[in-house]
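Chemist: Have a peek at query11.txt (compact mmCIF, C-alpha atoms).
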# COMPACT_ATOMS: atom_id res chain seq x y z
CA MET D 1 -18.94 -3.42 16.31
CA GLU D 2 -18.58 -2.85 12.61
CA ILE D 3 -15.50 -0.94 11.56
CA LYS D 4 -15.87 0.76 8.23
CA ALA D 5 -12.98 1.20 5.85
CA ALA D 6 -12.83 2.95 2.49
CA VAL D 7 -10.34 2.04 -0.21
CA LEU D 8 -9.78 5.00 -2.52
CA VAL D 9 -9.50 4.33 -6.23
CA PHE D 10 -7.87 6.79 -8.62
CA PRO D 11 -7.60 6.23 -12.37
CA GLY D 12 -4.57 3.93 -12.66
CA THR D 13 -4.74 2.58 -9.10
CA ASN D 14 -4.18 -1.17 -9.22
CA GLY D 15 -3.76 -2.26 -5.61
CA GLU D 16 -7.35 -1.66 -4.52
CA ARG D 17 -8.40 -5.30 -4.65
CA ASP D 18 -5.41 -6.40 -2.58
CA ALA D 19 -6.25 -3.73 -0.01
CA TYR D 20 -9.94 -4.70 -0.03
CA PHE D 21 -9.04 -8.36 0.45
CA ALA D 22 -6.61 -7.67 3.29
CA LEU D 23 -8.98 -5.33 5.12
CA GLN D 24 -11.89 -7.73 4.78
CA ARG D 25 -9.79 -10.59 6.13
CA ASN D 26 -8.92 -8.39 9.08
CA ASN D 27 -12.64 -7.85 9.81
CA PHE D 28 -13.22 -4.44 8.34
CA SER D 29 -16.32 -3.73 6.31
CA VAL D 30 -14.93 -2.24 3.09
CA ASP D 31 -16.17 0.08 0.33
CA TYR D 32 -14.38 1.36 -2.74
CA ILE D 33 -14.49 5.13 -3.19
CA TRP D 34 -13.86 6.65 -6.62
CA HIS D 35 -11.52 9.63 -6.81
CA ASP D 36 -14.22 12.20 -7.66
CA PHE D 37 -15.96 11.68 -4.30
CA ASP D 38 -16.27 15.14 -2.77
CA LYS D 39 -18.44 14.54 0.30
CA SER D 40 -17.50 13.90 3.85
CA LEU D 41 -15.83 10.50 4.31
CA GLU D 42 -17.89 8.69 6.94
CA TYR D 43 -15.46 5.88 7.60
CA ASP D 44 -13.22 4.79 10.45
CA LEU D 45 -10.29 4.06 8.18
CA ILE D 46 -9.30 5.44 4.79
CA CYS D 47 -6.85 3.39 2.76
CA LEU D 48 -4.97 4.83 -0.22
CA PRO D 49 -3.76 1.70 -2.00
CA GLY D 50 -0.84 0.99 -4.28
CA GLY D 51 -0.68 1.28 -8.02
CA ALA D 52 0.00 4.05 -10.43
CA SER D 53 -2.57 6.81 -9.98
CA PHE D 54 -2.83 8.89 -13.15
CA GLY D 55 -0.21 6.67 -14.76
CA ASP D 56 2.47 7.95 -12.37
CA TYR D 57 2.87 10.81 -14.85
CA LEU D 58 5.00 13.76 -13.79
CA ARG D 59 5.80 12.02 -10.47
CA PRO D 60 3.98 9.21 -8.70
CA GLY D 61 1.08 10.71 -6.76
CA ALA D 62 1.55 14.20 -8.21
CA PHE D 63 -1.82 14.40 -9.97
CA ALA D 64 -3.89 12.47 -7.42
CA LYS D 65 -3.44 15.33 -4.98
CA HIS D 66 -5.77 17.39 -7.17
CA SER D 67 -8.63 14.85 -7.00
CA GLU D 68 -11.73 15.81 -5.03
CA VAL D 69 -11.37 12.81 -2.73
CA THR D 70 -7.91 13.97 -1.67
CA LYS D 71 -9.45 17.24 -0.45
CA SER D 72 -11.99 15.14 1.45
CA VAL D 73 -9.11 13.21 3.02
CA GLU D 74 -7.48 16.48 4.08
CA LYS D 75 -10.68 17.48 5.87
CA TYR D 76 -11.04 14.01 7.36
CA VAL D 77 -7.52 14.26 8.77
CA SER D 78 -7.89 17.77 10.16
CA LYS D 79 -11.19 16.83 11.89
CA ASN D 80 -9.49 13.70 13.22
CA ARG D 81 -12.48 11.65 12.07
CA GLY D 82 -10.50 8.38 11.88
CA LEU D 83 -7.25 6.89 10.61
CA VAL D 84 -5.63 7.08 7.18
CA ILE D 85 -3.10 4.72 5.67
CA GLY D 86 -1.21 5.11 2.41
CA ILE D 87 0.51 2.11 0.90
CA GLY D 88 3.04 2.49 -1.93
CA ASN D 89 1.43 4.91 -4.36
CA GLY D 90 -0.96 5.87 -1.56
CA PHE D 91 2.04 7.01 0.50
CA GLN D 92 3.28 8.99 -2.51
CA VAL D 93 -0.13 10.68 -2.83
CA LEU D 94 -0.12 11.61 0.87
CA THR D 95 3.36 13.18 0.64
CA GLU D 96 2.55 14.99 -2.62
CA ALA D 97 -0.58 16.38 -0.97
CA GLY D 98 1.45 17.53 2.03
CA ILE D 99 -0.57 15.37 4.42
CA LEU D 100 2.65 13.53 5.30
CA PRO D 101 6.12 15.14 5.28
CA GLY D 102 8.85 14.34 2.77
CA ALA D 103 8.76 12.85 -0.72
CA LEU D 104 9.44 9.59 -2.53
CA ALA D 105 12.25 9.77 -5.08
CA LEU D 106 13.72 7.39 -7.64
CA ASN D 107 15.41 4.39 -6.01
CA GLU D 108 19.16 4.73 -5.56
CA SER D 109 19.59 1.83 -8.01
CA ASN D 110 17.33 3.52 -10.58
CA SER D 111 15.41 0.26 -10.87
CA PHE D 112 12.11 -1.25 -9.82
CA ILE D 113 12.62 -3.32 -6.68
CA CYS D 114 10.25 -6.15 -5.93
CA LYS D 115 11.24 -8.30 -2.97
CA TYR D 116 10.71 -9.08 0.68
CA VAL D 117 12.44 -6.84 3.18
CA LEU D 118 12.81 -6.93 6.93
CA VAL D 119 11.68 -3.91 8.90
CA GLU D 120 11.90 -2.97 12.52
CA ILE D 121 9.06 -1.24 14.29
CA THR D 122 10.65 1.75 16.00
CA ASN D 123 7.58 3.32 17.54
CA PHE D 124 4.90 1.23 19.23
CA GLU D 125 3.04 4.31 20.46
CA THR D 126 0.95 4.92 17.36
CA PRO D 127 -2.57 3.60 16.53
CA PHE D 128 -0.97 1.62 13.71
CA THR D 129 1.42 -0.25 15.98
CA ASN D 130 0.31 0.03 19.61
CA SER D 131 -1.91 -3.03 19.55
CA ILE D 132 0.42 -5.43 17.79
CA ILE D 133 0.28 -8.60 19.81
CA SER D 134 3.71 -9.96 19.23
CA ASP D 135 6.99 -9.94 21.05
CA GLU D 136 8.67 -9.43 17.73
CA LYS D 137 10.01 -6.07 16.61
CA ILE D 138 11.12 -7.28 13.19
CA PHE D 139 8.60 -8.07 10.47
CA LYS D 140 8.87 -9.17 6.86
CA PHE D 141 6.91 -7.31 4.18
CA PRO D 142 7.12 -7.03 0.41
CA ILE D 143 8.10 -3.88 -1.46
CA ALA D 144 7.41 -3.27 -5.16
CA CYS D 145 8.32 0.18 -6.42
CA ARG D 146 10.71 2.31 -8.41
CA TYR D 147 10.06 5.54 -6.56
CA GLY D 148 10.55 4.31 -3.02
CA ARG D 149 13.49 6.33 -1.74
CA TYR D 150 12.14 8.40 1.12
CA GLU D 151 13.60 11.89 1.32
CA VAL D 152 12.76 14.43 3.98
CA ASN D 153 14.26 17.56 5.49
CA GLU D 154 15.41 16.76 8.99
CA LYS D 155 13.44 19.69 10.37
CA ASP D 156 10.17 18.39 8.90
CA ILE D 157 10.05 15.15 10.85
CA ASN D 158 10.34 14.26 14.52
CA GLU D 159 11.94 11.06 15.71
CA ASN D 160 8.61 9.76 17.05
CA GLN D 161 7.03 10.05 13.60
CA ILE D 162 9.29 7.30 12.31
CA VAL D 163 7.38 4.06 12.78
CA LEU D 164 9.24 1.55 10.64
CA LYS D 165 12.87 1.28 9.57
CA TYR D 166 14.43 -1.05 7.01
CA VAL D 167 16.89 -3.50 8.56
CA GLN D 168 18.82 -3.30 5.29
CA ASN D 169 18.08 -0.21 3.25
CA PRO D 170 16.88 -1.40 -0.18
CA ASN D 171 16.51 1.92 -1.99
CA GLY D 172 18.58 4.63 -0.29
CA SER D 173 15.79 5.97 1.93
CA TYR D 174 16.84 8.66 4.40
CA GLU D 175 17.75 7.15 7.80
CA ASN D 176 16.43 3.74 6.61
CA ILE D 177 12.89 5.06 7.00
CA ALA D 178 10.24 2.62 5.79
CA GLY D 179 7.10 4.08 7.36
CA ILE D 180 6.05 7.31 9.04
CA VAL D 181 3.09 9.01 10.68
CA ASN D 182 2.06 12.66 10.74
CA LYS D 183 2.43 14.78 13.87
CA ASP D 184 -1.12 14.00 15.02
CA MET D 185 -0.47 10.29 14.46
CA ASN D 186 -3.68 9.69 12.54
CA VAL D 187 -2.04 9.20 9.13
CA PHE D 188 0.43 6.46 8.30
CA GLY D 189 2.39 6.01 5.09
CA THR D 190 4.70 3.26 3.97
CA MET D 191 6.19 1.84 0.78
CA LEU D 192 5.77 -1.64 2.27
CA HIS D 193 2.91 -3.57 0.72
CA ILE D 194 1.41 -4.48 4.05
CA GLU D 195 -1.82 -5.43 2.29
CA ARG D 196 -0.01 -8.24 0.48
CA ALA D 197 0.87 -9.78 3.83
CA ALA D 198 -2.58 -11.01 4.68
CA HIS D 199 -2.86 -14.69 3.88
CA PRO D 200 -1.19 -17.91 5.06
CA LEU D 201 -0.51 -18.74 1.40
CA PHE D 202 2.04 -15.94 1.42
CA GLY D 203 3.56 -17.16 4.64
CA TYR D 204 1.64 -14.87 6.95
CA GLY D 205 -0.66 -15.55 9.85
CA GLU D 206 -4.42 -15.16 9.73
CA ASN D 207 -4.15 -11.51 10.71
CA ASN D 208 -1.87 -8.78 9.54
CA PRO D 209 -0.07 -7.11 12.49
CA ILE D 210 -0.66 -3.55 11.30
CA PHE D 211 -4.30 -3.93 10.21
CA GLU D 212 -4.94 -5.83 13.40
CA SER D 213 -3.46 -3.00 15.46
CA ILE D 214 -5.63 -0.49 13.59
CA ARG D 215 -8.75 -2.56 14.16
CA ARG D 216 -8.03 -2.97 17.86
CA PHE D 217 -7.33 0.73 18.21
CA LEU D 218 -10.57 1.67 16.45
CA SER D 219 -12.66 -0.86 18.41
CA ARG D 220 -11.48 0.62 21.68
CA GLU D 221 -12.73 4.10 20.87
CA MET J 1 -12.87 50.87 -21.60
CA LYS J 2 -11.45 48.44 -24.07
CA LYS J 3 -11.56 44.89 -22.78
CA ASP J 4 -8.48 42.72 -23.21
CA THR J 5 -9.12 39.95 -25.67
CA VAL J 6 -7.37 36.64 -25.40
CA ASN J 7 -5.78 36.44 -28.78
CA LYS J 8 -2.19 35.58 -28.09
CA LYS J 9 -0.29 32.43 -27.35
CA PHE J 10 2.71 32.37 -25.08
CA VAL J 11 4.97 29.35 -24.95
CA PHE J 12 6.96 28.67 -21.82
CA GLU J 13 9.43 26.01 -20.94
CA ILE J 14 9.39 24.93 -17.32
CA LYS J 15 12.46 23.12 -16.09
CA LEU J 16 12.28 20.99 -12.97
CA LYS J 17 15.68 20.39 -11.44
CA LEU J 18 16.66 18.28 -8.48
CA LYS J 19 17.74 20.31 -5.46
CA GLU J 20 21.33 20.23 -4.30
CA GLY J 21 21.89 17.10 -2.24
CA ILE J 22 19.08 15.05 -3.82
CA LEU J 23 20.54 11.97 -5.45
CA ASP J 24 20.15 11.72 -9.23
CA PRO J 25 20.71 8.03 -10.03
CA GLN J 26 20.26 8.45 -13.79
CA GLY J 27 22.64 11.40 -13.83
CA ASN J 28 25.23 9.46 -11.87
CA VAL J 29 25.15 6.43 -14.16
CA THR J 30 25.37 8.65 -17.22
CA TYR J 31 28.30 10.46 -15.62
CA ASP J 32 30.11 7.14 -15.07
CA ILE J 33 29.64 6.15 -18.72
CA LEU J 34 30.78 9.54 -20.03
CA LYS J 35 33.87 9.36 -17.82
CA LYS J 36 34.60 5.90 -19.17
CA LEU J 37 34.41 7.36 -22.66
CA ASN J 38 37.00 9.95 -21.58
CA TYR J 39 34.74 12.99 -21.81
CA PRO J 40 35.80 15.85 -19.53
CA VAL J 41 32.48 16.02 -17.66
CA GLU J 42 32.13 17.15 -14.10
CA GLN J 43 28.45 16.50 -13.47
CA VAL J 44 25.37 15.12 -15.24
CA ASN J 45 21.80 15.87 -14.18
CA PHE J 46 18.51 14.61 -15.52
CA ASP J 47 16.08 17.49 -15.40
CA LYS J 48 12.48 17.47 -16.51
CA SER J 49 11.28 19.90 -19.11
CA ILE J 50 7.64 20.77 -19.68
CA ARG J 51 6.43 23.05 -22.47
CA LEU J 52 3.27 25.04 -21.85
CA THR J 53 1.31 27.02 -24.40
CA ILE J 54 -0.87 29.55 -22.64
CA ASN J 55 -3.69 31.56 -24.21
CA GLU J 56 -3.65 35.04 -22.76
CA SER J 57 -3.84 38.66 -23.74
CA ASN J 58 -0.54 39.83 -22.34
CA LEU J 59 2.82 38.49 -21.32
CA GLN J 60 2.63 39.55 -17.70
CA ARG J 61 -0.60 37.66 -17.08
CA ALA J 62 0.67 34.61 -19.01
CA ASN J 63 3.81 34.67 -16.90
CA GLU J 64 1.78 34.69 -13.70
CA ILE J 65 -0.20 31.69 -14.91
CA ALA J 66 2.96 29.78 -15.83
CA GLU J 67 4.39 30.59 -12.41
CA GLU J 68 1.20 29.38 -10.69
CA ILE J 69 1.14 26.13 -12.69
CA ALA J 70 4.80 25.46 -11.94
CA SER J 71 4.50 26.06 -8.21
CA ASN J 72 1.04 24.55 -7.57
CA VAL J 73 1.02 21.59 -9.93
CA LEU J 74 4.37 20.72 -11.43
CA VAL J 75 7.06 21.05 -8.78
CA ASN J 76 7.60 18.92 -5.69
CA PRO J 77 9.35 21.40 -3.39
CA VAL J 78 10.92 18.67 -1.26
CA LEU J 79 12.93 17.35 -4.20
CA GLU J 80 12.91 19.99 -6.91
CA TYR J 81 13.03 23.63 -7.88
CA TYR J 82 11.83 25.15 -11.13
CA GLN J 83 12.90 27.70 -13.69
CA ILE J 84 10.61 29.29 -16.26
CA PHE J 85 11.75 30.38 -19.69
CA GLN J 86 9.58 32.18 -22.19
CA ILE J 87 10.36 30.69 -25.57
CA GLN J 88 7.74 32.04 -27.96
CA GLU J 89 4.98 34.58 -28.42
CA GLU J 90 2.40 34.56 -31.21
Please go through the file and, once you have read it, give me the structure as structure tokens.
Modeler:
Amino acid sequence: MEIKAAVLVFPGTNGERDAYFALQRNNFSVDYIWHDFDKSLEYDLICLPGGASFGDYLRPGAFAKHSEVTKSVEKYVSKNRGLVIGIGNGFQVLTEAGILPGALALNESNSFICKYVLVEITNFETPFTNSIISDEKIFKFPIACRYGRYEVNEKDINENQIVLKYVQNPNGSYENIAGIVNKDMNVFGTMLHIERAAHPLFGYGENNPIFESIRRFLSRE
Amino acid sequence: MKKDTVNKKFVFEIKLKLKEGILDPQGNVTYDILKKLNYPVEQVNFDKSIRLTINESNLQRANEIAEEIASNVLVNPVLEYYQIFQIQEE
């Protein structure tokens, strides 16, 4: 069964090829979708990749929420058509658009952080994590961002929406949160560059645990 | 009835400020330096300031537009609040 994924591209996005590569390696059939796309998104997975949409002007992700495709994503999510993931800037777009709770603020250190971090999966009951075939709970992923400090009002997020936590908080994120889902658990956002963890050259296995979980989840439906 | 013509410009300054409790790393570092230089400062905050020139016929309508732009486009309500100042009318 072919599983179709769309990688959204805004002006200034620069992580689309990494996302395309990672999804393809994990057996998705992938299309790029330009930000002015205003029709219904007929895909099983929508990926908002990393980069600097609209130059990160005003705040990262702030202007991408006004693109037509973001409205299409909102409809896609409310109809529960498939799954959505936001990586880095994609996560920022999803929070700015209100599709995910909270916001990404300037790192505590005020600097761009580019390194590997360890994260613990704290909820295995989401489509993004429930089919991970590993006894491990701790995974290593790269981060590369300046606005990666996750802030959220306690009342806006439930414990079960927290999917990933940093083992050692790199940027001052609230409660060490590294990745979250929405209440309906069909949207996932993280500052971790999970798409850069998709090749043995970078010290990873043939499959990426999160993309693999997504693919297994979608193939079961 | 005389129709309003758009022949005026209104300039607004919109300030975006971090909410109480949201860390301001740049402000904190600047505070440390100013303290080191023996200035009697209590707090330093890095706000954002955006100047808008709006073409409208009257101030009330221009104000509403500035308000709408600030709340719908410029502010992130999780982190920030905004203040609008009218600075010029031509």
Chemist: Could you list, with a cut-off of 12 Å and counting all atoms listed in the file, the residues of chain J near chain D, each shown with its nearest atom pair and the distance in Å rounded to one decimal, rows sorted by chain and ascending number, as a tab-separated table?
Modeler:
residue	atom	partner	partner_atom	distance
J:Leu16	CA	D:Leu58	CA	10.3
J:Leu18	CA	D:Ala105	CA	10.2
J:Lys19	CA	D:Glu151	CA	11.6
J:Gly21	CA	D:Glu151	CA	10.4
J:Ile22	CA	D:Glu151	CA	8.2
J:Leu23	CA	D:Glu108	CA	7.4
J:Asp24	CA	D:Leu106	CA	7.9
J:Pro25	CA	D:Asn110	CA	5.7
J:Gln26	CA	D:Asn110	CA	6.6
J:Gly27	CA	D:Asn110	CA	10.0
J:Asn28	CA	D:Glu108	CA	10.0
J:Val29	CA	D:Asn110	CA	9.1
J:Thr30	CA	D:Asn110	CA	11.6
J:Phe46	CA	D:Leu106	CA	11.7
J:Asp47	CA	D:Leu58	CA	11.8
J:Lys48	CA	D:Leu58	CA	8.8
J:Ser49	CA	D:Leu58	CA	10.3
J:Ile50	CA	D:Leu58	CA	9.5
J:Ala70	CA	D:Leu58	CA	11.8
J:Asn72	CA	D:His66	CA	9.9
J:Val73	CA	D:Ala62	CA	7.6
J:Leu74	CA	D:Leu58	CA	7.4
J:Val75	CA	D:Ala62	CA	8.8
J:Asn76	CA	D:Glu96	CA	7.1
J:Pro77	CA	D:Ala103	CA	9.0
J:Val78	CA	D:Ala103	CA	6.2
J:Leu79	CA	D:Ala103	CA	7.1
J:Glu80	CA	D:Ala103	CA	10.3
Chemist: For Ala144 in chain D, find every residue with an atom within 9 Å (counting all atoms listed in the file), except residues of its own chain fewer than 3 positions away, and show them as a PyMOL selection string.
Modeler: chain D and resi 88+112-116+148+191-193
Chemist: Just want the 12 Å neighbourhood of range 50-53 of chain D, counted on all atoms listed in the file, with same-chain residues fewer than 5 positions away dropped. Output as number ranges by chain.
Modeler: D: 7-20, 34-35, 58-67, 85-94, 143-148, 189-196
Chemist: Could you tell me how far CA of Ile46 in chain D sits from CA of Lys71 in chain D, in Å to one decimal place?
Modeler: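 Taking CA of Lys71 in chain D as the start and CA of Ile46 in chain D as the end point, the length is 12.9 Å.
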Chemist: May I ask which of the residues D:Tyr32, D:Phe188, D:Tyr204, D:Phe139 is the closest one to Leu83 in chain D, counting all atoms listed in the file?
Modeler: D:Phe188
Chemist: For CA of Glu136 in chain D and CA of Ala5 in chain D, determine how far apart the two atoms are, in Å to one decimal place.
Modeler: 26.9 Å
Chemist: Report the distance between CA of Glu42 in chain D and CA of Thr70 in chain D in Å, rounded to one decimal place.
Modeler: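 Value for the CA of Glu42 in chain D-CA of Thr70 in chain D distance: 14.2 Å.
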Chemist: Need the shell around Glu56 in chain J: protein/DNA/RNA residues with any atom at most 9 Å away, counting all atoms listed in the file. Skip same-chain ones fewer than 6 positions apart. Format as a PDB file with C-alpha atoms, in the coordinates of the input?
Modeler:
ATOM      1  CA  THR J   5      -9.120  39.950 -25.670  1.00  0.00           C
ATOM      2  CA  VAL J   6      -7.370  36.640 -25.400  1.00  0.00           C
ATOM      3  CA  ASN J   7      -5.780  36.440 -28.780  1.00  0.00           C
ATOM      4  CA  LYS J   8      -2.190  35.580 -28.090  1.00  0.00           C
ATOM      5  CA  LYS J   9      -0.290  32.430 -27.350  1.00  0.00           C
ATOM      6  CA  PHE J  10       2.710  32.370 -25.080  1.00  0.00           C
ATOM      7  CA  ALA J  62       0.670  34.610 -19.010  1.00  0.00           C
TER       8      ALA J  62
END
Chemist: So that I can look at just that part, could you write range 3-34 of chain J with C-alpha atoms, as an mmCIF file, in the first residue's frame?
Modeler:
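Resulting contents of result-v4.cif:
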data_model
loop_
_atom_site.group_PDB
_atom_site.id
_atom_site.type_symbol
_atom_site.label_atom_id
_atom_site.label_comp_id
_atom_site.auth_asym_id
_atom_site.auth_seq_id
_atom_site.Cartn_x
_atom_site.Cartn_y
_atom_site.Cartn_z
ATOM 1 C CA LYS J 3 -18.611 59.741 1.212
ATOM 2 C CA ASP J 4 -15.488 59.575 3.363
ATOM 3 C CA THR J 5 -12.390 59.869 1.258
ATOM 4 C CA VAL J 6 -9.172 58.221 2.249
ATOM 5 C CA ASN J 7 -6.883 61.175 2.318
ATOM 6 C CA LYS J 8 -5.130 60.946 5.629
ATOM 7 C CA LYS J 9 -2.197 59.043 6.982
ATOM 8 C CA PHE J 10 -2.023 57.852 10.548
ATOM 9 C CA VAL J 11 1.216 56.587 12.010
ATOM 10 C CA PHE J 12 1.111 54.145 14.882
ATOM 11 C CA GLU J 13 3.809 52.526 16.891
ATOM 12 C CA ILE J 14 3.038 49.013 18.053
ATOM 13 C CA LYS J 15 5.112 47.707 20.915
ATOM 14 C CA LEU J 16 5.363 43.988 21.534
ATOM 15 C CA LYS J 17 6.455 43.191 25.059
ATOM 16 C CA LEU J 18 7.194 39.867 26.671
ATOM 17 C CA LYS J 19 4.615 38.810 29.237
ATOM 18 C CA GLU J 20 5.512 38.634 32.895
ATOM 19 C CA GLY J 21 7.339 35.379 33.563
ATOM 20 C CA ILE J 22 8.630 34.879 30.007
ATOM 21 C CA LEU J 23 12.406 34.816 30.050
ATOM 22 C CA ASP J 24 14.156 37.622 28.164
ATOM 23 C CA PRO J 25 17.714 36.348 27.596
ATOM 24 C CA GLN J 26 18.900 39.496 25.806
ATOM 25 C CA GLY J 27 17.439 41.698 28.527
ATOM 26 C CA ASN J 28 19.111 39.628 31.228
ATOM 27 C CA VAL J 29 22.556 39.770 29.634
ATOM 28 C CA THR J 30 22.228 43.508 29.089
ATOM 29 C CA TYR J 31 21.159 43.887 32.713
ATOM 30 C CA ASP J 32 24.285 42.008 33.875
ATOM 31 C CA ILE J 33 26.545 44.287 31.820
ATOM 32 C CA LEU J 34 24.829 47.467 33.028
#
